[in-house]
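> Here it is, the structure in full.
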Amino acid sequence: MGACLTPTPTMTPWYNVEVSTSHAEITATTYLHGWYRLRDEGDTTGYREAAPDAYTDEERAAAWITHGPATFSTPAAPVDALLAALQQIADHPAYDRWQKDGGTSTPTGVRAEPGDEGRITLVGPFIRHPEDRDGDHLHSVELLYGDVAPLLAAVENLSVTGNA
């Protein structure tokens, strides 16, 4: 069980963050709201039951997309929104407690690269999400705290170099 944080204005309407003791979850808010819409319309009862074409173009553009167990694409959102979500994790007391309890970053292999259609491709050995099938649309991904600092640095670098 984690703590759901209030999104900053920069994160809205793309991301929501939930922090826990060892990881954080970043939710693609608009895509999740699409699932709520489908559920309310009676088209689905579980996250995996809605057909991708049941979502609007805007909702699909706002989803995370998997590309394997350690690679996925962000929602098509401004890079500043992702930076704000990652910074919200890094600034939270749960992340600080994790560090004080001996948690260390794992920078090996963590990358952020420009992707297609306004997305950013993220790669990291300890990034988790519930499905590993290529092309799956997801409402959220989990980042182990060991990846937060190097991923934040990689996304900041992408932003500074103008490649996002």
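How things are named: the first chain in the structure tokens is A, the next is B, and so on; residues count from 1 in each chain; ligands count from 1 in the order shown.
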Could I get the residues of segment 19-61 of chain A with an atom no further than 8 Å from an atom of segment 75-85 of chain A, each paired with its nearest atom pair and that distance in Å to one decimal, using only C-alpha atoms, sorted by chain and residue number, as CSV?


```
residue,atom,partner,partner_atom,distance
A:Ile26,CA,A:Ala85,CA,7.4
A:Ala28,CA,A:Pro75,CA,6.8
A:Ala61,CA,A:Ala76,CA,5.6
```

> Return as a PyMOL selection string the full set of residues in chain A whose backbone-based DSSP assignment is strand (DSSP E or B).

chain A and resi 3-4+15-19+23-28+64-66+71-73+111-114+120-123+127-128+137-138+140-144

> Enumerate, as a PyMOL selection string, the complete set of residues in segment 2-93 of chain A that a backbone-based DSSP assignment places in helix (DSSP H, G or I).

chain A and resi 29-40+52-54+57-61+79-91+93

> Leaving out Val155 of chain A and any residue of its chain fewer than 3 positions from it, which residues lie within 12 Å of it when counting only C-alpha atoms, given as a compact mmCIF listing (two decimals) with N, CA, C and O atoms, in the first residue's frame?


```txt
# COMPACT_ATOMS: atom_id res chain seq x y z
N THR A 74 6.75 6.31 -22.87
CA THR A 74 5.89 7.15 -22.04
C THR A 74 4.63 7.54 -22.82
O THR A 74 4.60 7.42 -24.05
N PRO A 78 4.41 16.28 -22.68
CA PRO A 78 5.63 17.09 -22.60
C PRO A 78 6.66 16.44 -21.67
O PRO A 78 6.30 15.85 -20.65
N VAL A 79 7.94 16.56 -22.02
CA VAL A 79 8.99 15.99 -21.18
C VAL A 79 8.96 16.60 -19.78
O VAL A 79 9.28 15.93 -18.80
N ASP A 80 8.55 17.87 -19.67
CA ASP A 80 8.47 18.51 -18.35
C ASP A 80 7.49 17.80 -17.43
O ASP A 80 7.68 17.79 -16.22
N ALA A 81 6.45 17.19 -17.99
CA ALA A 81 5.48 16.46 -17.17
C ALA A 81 6.12 15.23 -16.57
O ALA A 81 5.93 14.93 -15.38
N LEU A 82 6.91 14.50 -17.36
CA LEU A 82 7.62 13.33 -16.84
C LEU A 82 8.67 13.75 -15.82
O LEU A 82 8.82 13.11 -14.77
N LEU A 83 9.40 14.81 -16.11
CA LEU A 83 10.39 15.31 -15.14
C LEU A 83 9.73 15.66 -13.82
O LEU A 83 10.25 15.34 -12.75
N ALA A 84 8.57 16.30 -13.87
CA ALA A 84 7.86 16.66 -12.65
C ALA A 84 7.44 15.43 -11.86
O ALA A 84 7.53 15.40 -10.63
N ALA A 85 6.98 14.38 -12.56
CA ALA A 85 6.59 13.14 -11.88
C ALA A 85 7.80 12.48 -11.21
O ALA A 85 7.73 12.05 -10.06
N LEU A 86 8.92 12.40 -11.94
CA LEU A 86 10.13 11.80 -11.37
C LEU A 86 10.65 12.62 -10.20
O LEU A 86 11.09 12.08 -9.18
N GLN A 87 10.59 13.95 -10.33
CA GLN A 87 11.05 14.81 -9.24
C GLN A 87 10.15 14.67 -8.02
O GLN A 87 10.63 14.71 -6.89
N VAL A 110 20.32 2.42 -17.57
CA VAL A 110 19.15 3.29 -17.54
C VAL A 110 19.32 4.35 -18.62
O VAL A 110 20.31 5.05 -18.67
N ARG A 111 18.31 4.43 -19.51
CA ARG A 111 18.39 5.38 -20.62
C ARG A 111 17.03 6.00 -20.89
O ARG A 111 16.00 5.40 -20.62
N ALA A 112 17.07 7.19 -21.47
CA ALA A 112 15.88 7.87 -21.99
C ALA A 112 16.24 8.33 -23.40
O ALA A 112 17.26 8.99 -23.59
N GLU A 113 15.40 7.95 -24.37
CA GLU A 113 15.68 8.27 -25.77
C GLU A 113 14.42 8.82 -26.43
O GLU A 113 13.31 8.43 -26.06
N PRO A 114 14.59 9.71 -27.40
CA PRO A 114 13.40 10.19 -28.12
C PRO A 114 12.68 9.02 -28.78
O PRO A 114 13.31 8.11 -29.31
N ARG A 119 6.55 10.55 -27.76
CA ARG A 119 6.84 9.68 -26.61
C ARG A 119 8.34 9.66 -26.33
O ARG A 119 9.14 10.04 -27.18
N ILE A 120 8.69 9.19 -25.16
CA ILE A 120 10.08 8.96 -24.79
C ILE A 120 10.22 7.48 -24.49
O ILE A 120 9.38 6.90 -23.78
N THR A 121 11.25 6.85 -25.04
CA THR A 121 11.51 5.45 -24.75
C THR A 121 12.41 5.38 -23.52
O THR A 121 13.47 6.01 -23.49
N LEU A 122 11.99 4.64 -22.52
CA LEU A 122 12.74 4.48 -21.27
C LEU A 122 13.23 3.04 -21.16
O LEU A 122 12.48 2.10 -21.43
N VAL A 123 14.49 2.89 -20.76
CA VAL A 123 15.10 1.58 -20.58
C VAL A 123 15.76 1.55 -19.23
O VAL A 123 16.46 2.49 -18.84
N ASP A 147 16.22 3.06 -9.65
CA ASP A 147 16.24 3.62 -11.00
C ASP A 147 15.83 5.09 -11.06
O ASP A 147 16.03 5.73 -12.09
N VAL A 148 15.28 5.63 -9.99
CA VAL A 148 14.70 6.97 -10.06
C VAL A 148 15.76 8.03 -10.36
O VAL A 148 15.60 8.82 -11.30
N ALA A 149 16.84 8.09 -9.60
CA ALA A 149 17.86 9.13 -9.81
C ALA A 149 18.51 9.03 -11.19
O ALA A 149 18.60 10.04 -11.90
N PRO A 150 18.96 7.83 -11.64
CA PRO A 150 19.54 7.78 -12.98
C PRO A 150 18.53 8.05 -14.08
O PRO A 150 18.89 8.65 -15.11
N LEU A 151 17.29 7.66 -13.88
CA LEU A 151 16.27 7.94 -14.90
C LEU A 151 15.97 9.43 -14.94
O LEU A 151 15.84 10.02 -16.02
N LEU A 152 15.88 10.05 -13.78
CA LEU A 152 15.67 11.50 -13.72
C LEU A 152 16.81 12.22 -14.45
O LEU A 152 16.56 13.13 -15.25
N LEU A 158 18.02 14.51 -21.73
CA LEU A 158 17.24 14.51 -22.96
C LEU A 158 16.58 15.87 -23.17
O LEU A 158 16.57 16.40 -24.27
N SER A 159 16.07 16.43 -22.09
CA SER A 159 15.41 17.73 -22.15
C SER A 159 16.40 18.84 -22.48
O SER A 159 16.14 19.71 -23.31
N VAL A 160 17.58 18.80 -21.85
CA VAL A 160 18.61 19.83 -22.05
C VAL A 160 19.18 19.79 -23.46
O VAL A 160 19.41 20.82 -24.07
N THR A 161 19.37 18.59 -23.99
CA THR A 161 19.95 18.46 -25.34
C THR A 161 18.92 18.74 -26.42
O THR A 161 19.27 18.81 -27.59
N GLY A 162 17.66 18.88 -26.04
CA GLY A 162 16.62 19.19 -27.02
C GLY A 162 16.19 18.00 -27.87
O GLY A 162 15.57 18.18 -28.91
N ASN A 163 16.50 16.80 -27.41
CA ASN A 163 16.13 15.61 -28.17
C ASN A 163 14.74 15.10 -27.84
O ASN A 163 14.31 14.11 -28.42
N ALA A 164 14.08 15.69 -26.90
CA ALA A 164 12.75 15.19 -26.51
C ALA A 164 11.67 15.84 -27.34
O ALA A 164 11.81 16.90 -27.86
```

> Find the residue from A:Asp53, A:Glu18, A:Glu156, A:Glu25 that sits nearest to His137 of chain A; use only C-alpha atoms when measuring.

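When distances to His137 of chain A are compared using only C-alpha atoms, the smallest one comes from A:Asp53.
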
> Restricting the calculation to only C-alpha atoms, which member of A:Thr27, A:Thr6, A:Thr71, A:Ser22 is positioned closest to Thr104 of chain A?

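Closest to Thr104 of chain A of all the choices is A:Ser22.
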
> Of the residues A:Gly146, A:Pro7, A:Asn16, A:Pro69, which is the one nearest to Asp96 of chain A, using only C-alpha atoms?

A:Gly146

> Could you check how far atom CA of Ile89 of chain A sits from atom CA of Leu143 of chain A, in Å to one decimal?

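These atoms are spaced 9.7 Å apart.
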